[in-house]
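Visitor: Next up is a structure, given as structure tokens.
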Amino acid sequence: MTTRSQQQGQLRIGKTSNLLCDKSSESDDAGRHETPCDVQIEAGKDVDRPSEPKDLEIDATKSNKNGFALLMTVMALALSMFLVSLDMTIVATAIPRITDEFGGIDLVGWYGSAFFITLGGFQAAWGKIYKYFPLKISFLISIVLFEIGSLICAFLLGVAPNSLALIIGRAITGVGGAGISSGAFTIIAFSAPPKQRPAYIGILGASYGIAAAVGPLIGGAFTSHATWRWCFYINLPIGGVSGVIILLFYRPPPPSSLLNEDLKEKLLQMDLPGAFLLIGAMVCYCLALQWGGLSRSWNDSTVIGALVGFGVLLTVYVVVQWVQKERAAMVGRLFERNVILAMIYIDLLAGTFFLLVYYLPIYFQVVSGVSAAESGIRNLPLILAQSIATILSGIALSKFQRPQPFLLFGAGVTAIGSGLLYTLDIGSSSGKWIGFQILTGIGIGWCFQVPVVTAQSTAAPSDLPSVTGMVLTVQTLGGSVFVSAGQSALDNVLLKSLPNISGIDPKVVLKMGSTELRQAFSSAQLSEILVAYMKGLKAAFLVAIIASSTATVVSMGVRRTKLAGSLPPTAV
């Protein structure tokens, strides 16, 4: 990491609506005067080395004199973050009913993975879009993409009801969601005065947590009392209101000189090859797990080809990131020890969390036989405990400033909680599934935000957006990796257990919706099928145990260093 020479020019958005810079700031290369916009690497110049960072002070009050407009903007951003978070969890309790309509559980993993793959794959690209294209227009486009994906999931499925249409809709929604989550924090940085910025970002965080908590409950209510399509219909008015408010009230800062770059340079900075390589690798991975042991044997050439494709594309992705240097989504010089470990850690923890969010509803609805609405209520102990623990750990970390113990404690408790969830069985008492979820939620929440803070503490201010994006990318992809792994474990164990039941065709059970089992089979057959389902769910929960236990080991390698200065607002 290059050392910072001196405090250089300040950026102020003043009455002239121009970017003013300190005339004494000179470049290290040619002694020319620089503008603050030159913090980024100039097109075609010395991409092997980053430009010297500058401290930029944004006087947001000058560009947002209207307090009401600022309030409306923050409200719109909170709504948009609510939208993205809601979409992560609202589908979970609807999945068993969706399998009834589409006939089978073989594509369940894709309902979540399609969203997470594009959400993670395009986050870095959206970060570059907001630097090189108009901020307001770009954010509105991200909302439109999110709405189009939701419309496909909700409306077009009525015309052509099948899993493929749902998966495509979820993928498009993920692309829009990546732009919304990245853009919301960018807009806050340009809208709120520096002293108020943490409070406003806290509002976004609260909105995100509330949506995660109520998502399974709302999804269950819609599925039980209306239709699961309302899980996607609800996105349309929320996104529409958010977009209209941004359109009417948000006033973006004066355009930077980066907007004048030629289109070729803008596209190069977005690292689109890297995004598509990463998405392609994840698709190969998910296909291999979907086919392996089910529609094809694990030694089938198609399955092997998908696994080889995953490895090849991932290798090419790493090479592309290395070659692109500062234009890459994953900037090589930022891979300090704690950053690498933080990325591995959050991938494992996020995977554990989303795996449990997606497969606990199957336990409640299939094994326990409750409705989707009741399943959403039963899933609340995990979500609420996680949300509350996240807030409390943020306060505690601000005081103690040492992240490593938080990482170790959180992962350890999560591993214990996942192990206890593994012991759930047919007829387990409410005390068990409530208590086990609370313990697991506390563990996940206590450490969920800490990897971002850990990575940020190693970076210079000018590198904070890049290092944060790197961590958030693997966090999002962790959901895809482990939801798919859990699905493969569930399906393969279920397929091996079903042939032992007389009069049962395993393929018929796999193609049947999860909640249709009780109407399709006799009591004696159903009892044996539920035992097989429970074995499959235990295999999925075992994936969570392995992931969280590995995260515990990874946390031991994190340096026990103290955070430098106060926590950055993006870590709230």
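Chain labels run A, B, ... following the order of the structure tokens; each chain numbers its residues from 1, and ligands are numbered from 1 in the order shown.
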Name the residues in contact with A:Ile172 at a cut-off of 10 Å, using only C-alpha atoms, excluding same-chain residues fewer than 2 positions from it; report them as a list of chain:residue names.

Guide: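 The neighbour list is A:Ala114, A:Phe115, A:Thr118, A:Leu119, A:Leu145, A:Phe146, A:Glu147, A:Ile148, A:Gly149, A:Ser150, A:Ile152, A:Cys153, A:Ile167, A:Ile168, A:Gly169, A:Arg170, A:Gly174, A:Val175, A:Gly176, A:Gly177.
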
Visitor: Pick from A:Ile117, A:Ile234, A:Leu307, A:Ala275: nearest to A:Ala328, with only C-alpha atoms counted?

Guide: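 The answer is A:Ala275, which sits nearest to A:Ala328.
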
Visitor: I need the residue nearest A:Thr186 from this list: A:Ala226, A:Tyr130, A:Leu384, A:Gly239. Use only C-alpha atoms for the distance.

Guide: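 Nearest candidate to A:Thr186 out of A:Ala226, A:Tyr130, A:Leu384, A:Gly239: A:Tyr130.
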
Visitor: Leaving out A:Ile238 and any residue of its chain fewer than 5 positions from it, which residues lie within 9 Å of it when counting only C-alpha atoms, given as a short mmCIF file (atom, residue, chain, number, x, y, z; two decimals) with C-alpha atoms, in the first residue's frame?

Guide:
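Ended up saving to selection_27.cif:
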```cif
data_model
loop_
_atom_site.label_atom_id
_atom_site.label_comp_id
_atom_site.auth_asym_id
_atom_site.auth_seq_id
_atom_site.Cartn_x
_atom_site.Cartn_y
_atom_site.Cartn_z
CA LEU A 79 -37.37 1.86 1.20
CA SER A 80 -35.01 0.64 -1.49
CA PHE A 82 -35.90 -2.65 2.60
CA LEU A 83 -36.77 -3.94 -0.86
CA GLY A 243 -38.04 5.72 -7.49
#
```

Visitor: Please, which residues of stretch 173-295 of chain A, numbered as in this document, come out helix (DSSP H, G or I) from DSSP, as a PyMOL selection string?

Guide: chain A and resi 173-191+197-225+230-233+235-249+257-260+263-269+272-291

Visitor: Would you kindly return, as a PyMOL selection string, each protein, DNA or RNA residue with an atom no farther than 10 Å from any atom of A:Ala124, considering only C-alpha atoms and excluding same-chain residues fewer than 4 positions away?

Guide: chain A and resi 119-120+128-129+178-179+182+269-272+274-275+328-330+465-466+468-470+472-473

Visitor: Please produce an output containing C-alpha atoms for each residue in the selection, written as a compact mmCIF listing (two decimals), in the first residue's frame.

Guide:
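Below you can see selection.txt, which holds the result:
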```
# COMPACT_ATOMS: atom_id res chain seq x y z
CA LEU A 119 -26.39 -9.73 -6.69
CA GLY A 120 -22.79 -10.58 -5.87
CA LYS A 128 -17.87 1.68 -11.16
CA ILE A 129 -21.13 2.70 -12.87
CA ALA A 178 -26.75 -4.99 -6.63
CA GLY A 179 -27.20 -1.48 -8.01
CA SER A 182 -24.35 -0.02 -3.82
CA GLN A 269 -13.39 0.28 -15.43
CA MET A 270 -16.62 -1.67 -14.86
CA ASP A 271 -14.73 -4.99 -15.17
CA LEU A 272 -17.60 -6.63 -17.04
CA GLY A 274 -14.72 -10.33 -14.51
CA ALA A 275 -18.40 -10.10 -13.59
CA ALA A 328 -10.24 -5.02 -11.53
CA ALA A 329 -13.09 -5.63 -9.12
CA MET A 330 -10.66 -7.50 -6.85
CA PRO A 465 -15.05 1.43 -1.50
CA SER A 466 -12.93 -1.22 -3.22
CA THR A 468 -15.76 -3.07 1.06
CA GLY A 469 -17.03 -4.19 -2.34
CA MET A 470 -14.65 -7.15 -2.31
CA LEU A 472 -19.60 -7.80 0.17
CA THR A 473 -19.17 -9.67 -3.12
```

Visitor: Give the answer as one residue: which of A:Ser480, A:Tyr250, A:Val450, A:Arg229 has the shortest atom-to-atom distance to A:Ala171, using only C-alpha atoms?

Guide: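 Of all the options, A:Ser480 lies closest to A:Ala171.
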
Visitor: Find, counting only C-alpha atoms, the residue in A:Ala154, A:Leu517, A:Leu494, A:Ile438 that gets nearest to A:Asn235.

Guide: A:Ala154

Visitor: Please determine, counting only C-alpha atoms, which residue among A:Ile279, A:Ala184, A:Leu166, A:Met343 has the shortest atom-to-atom distance to A:Trp228.

Guide: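 Nearest candidate to A:Trp228 out of A:Ile279, A:Ala184, A:Leu166, A:Met343: A:Leu166.
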
Visitor: Find the residues near stretch 396-405 of chain A: any atom within 9 Å, counting only C-alpha atoms, skip ones fewer than 5 places away on the same chain, and give them as a VMD selection string.

Guide: chain A and resid 391 410 447 450 to 451 453 to 454 555 to 567

Visitor: Could those residues be written to a file, using C-alpha atoms, as a PDB file, in the first residue's frame?

Guide:
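Once everything was written out, this is out_30.pdb:
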```
ATOM      1  CA  ILE A 391     -26.791  -4.015  16.528  1.00  0.00           C
ATOM      2  CA  GLY A 410     -19.606 -15.442  16.791  1.00  0.00           C
ATOM      3  CA  CYS A 447     -19.985 -11.439  13.892  1.00  0.00           C
ATOM      4  CA  VAL A 450     -17.288  -7.603  11.705  1.00  0.00           C
ATOM      5  CA  PRO A 451     -15.487  -8.948   8.587  1.00  0.00           C
ATOM      6  CA  VAL A 453     -14.914  -3.627   9.577  1.00  0.00           C
ATOM      7  CA  THR A 454     -11.844  -5.862   9.806  1.00  0.00           C
ATOM      8  CA  SER A 555     -11.024 -16.484  12.735  1.00  0.00           C
ATOM      9  CA  MET A 556      -8.043 -17.772  14.710  1.00  0.00           C
ATOM     10  CA  GLY A 557      -5.739 -16.568  11.940  1.00  0.00           C
ATOM     11  CA  VAL A 558      -6.970 -12.968  12.042  1.00  0.00           C
ATOM     12  CA  ARG A 559      -4.464 -10.616  13.639  1.00  0.00           C
ATOM     13  CA  ARG A 560      -5.532  -9.335  17.049  1.00  0.00           C
ATOM     14  CA  THR A 561      -4.993  -5.747  16.010  1.00  0.00           C
ATOM     15  CA  LYS A 562      -6.922  -2.721  17.164  1.00  0.00           C
ATOM     16  CA  LEU A 563      -9.101  -0.850  14.717  1.00  0.00           C
ATOM     17  CA  ALA A 564      -7.534   2.387  13.537  1.00  0.00           C
ATOM     18  CA  GLY A 565      -9.657   5.373  14.484  1.00  0.00           C
ATOM     19  CA  SER A 566     -13.417   5.296  14.597  1.00  0.00           C
ATOM     20  CA  LEU A 567     -15.498   2.830  12.667  1.00  0.00           C
TER      21      LEU A 567
END
```

Visitor: Identify, on the basis of only C-alpha atoms, every residue whose closest approach to A:Ser527 does not exceed 12 Å; exclude the query and any residue fewer than 3 positions from it along the same chain; express the result as a CSV table (one decimal) with C-alpha atoms, in the first residue's frame.

Guide:
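Result went into out-v2.csv, see below:
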```
chain,number,residue,atom,x,y,z
A,366,VAL,CA,-42.9,-30.6,5.5
A,367,VAL,CA,-41.8,-32.4,8.6
A,368,SER,CA,-43.9,-30.5,11.2
A,369,GLY,CA,-46.8,-29.9,8.8
A,426,ILE,CA,-39.9,-35.3,13.8
A,427,GLY,CA,-41.9,-34.0,16.8
A,498,LEU,CA,-36.7,-43.3,-0.5
A,501,ILE,CA,-39.9,-47.5,1.3
A,517,LEU,CA,-47.0,-35.1,0.4
A,518,ARG,CA,-49.6,-35.3,3.1
A,521,PHE,CA,-49.7,-40.8,0.5
A,522,SER,CA,-51.2,-42.9,3.2
A,523,SER,CA,-50.3,-42.3,6.8
A,524,ALA,CA,-47.9,-45.3,6.9
A,530,LEU,CA,-40.9,-37.8,6.5
A,531,VAL,CA,-38.1,-39.8,8.0
A,532,ALA,CA,-36.3,-39.7,4.7
A,533,TYR,CA,-36.9,-35.9,4.4
A,534,MET,CA,-35.5,-35.5,7.9
```

Visitor: Would you mind telling me which residue in A:Phe133, A:Val493, A:Leu334, A:Ala415 lies nearest to A:Leu348 when using only C-alpha atoms?

Guide: A:Ala415

Visitor: For a test of reading the model, state the distance in Å between atom CA of A:Gly431 and atom CA of A:Thr552, rounded to one decimal.

Guide: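 Distance reported for this atom pair: 26.5 Å.
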
Visitor: Excluding A:Gly292 and any residue of its chain fewer than 3 positions from it, enumerate the residues within 10 Å of it, using only C-alpha atoms, and give them as a PyMOL selection string.

Guide: chain A and resi 286-289+295-300+302-304+306+488+491-492
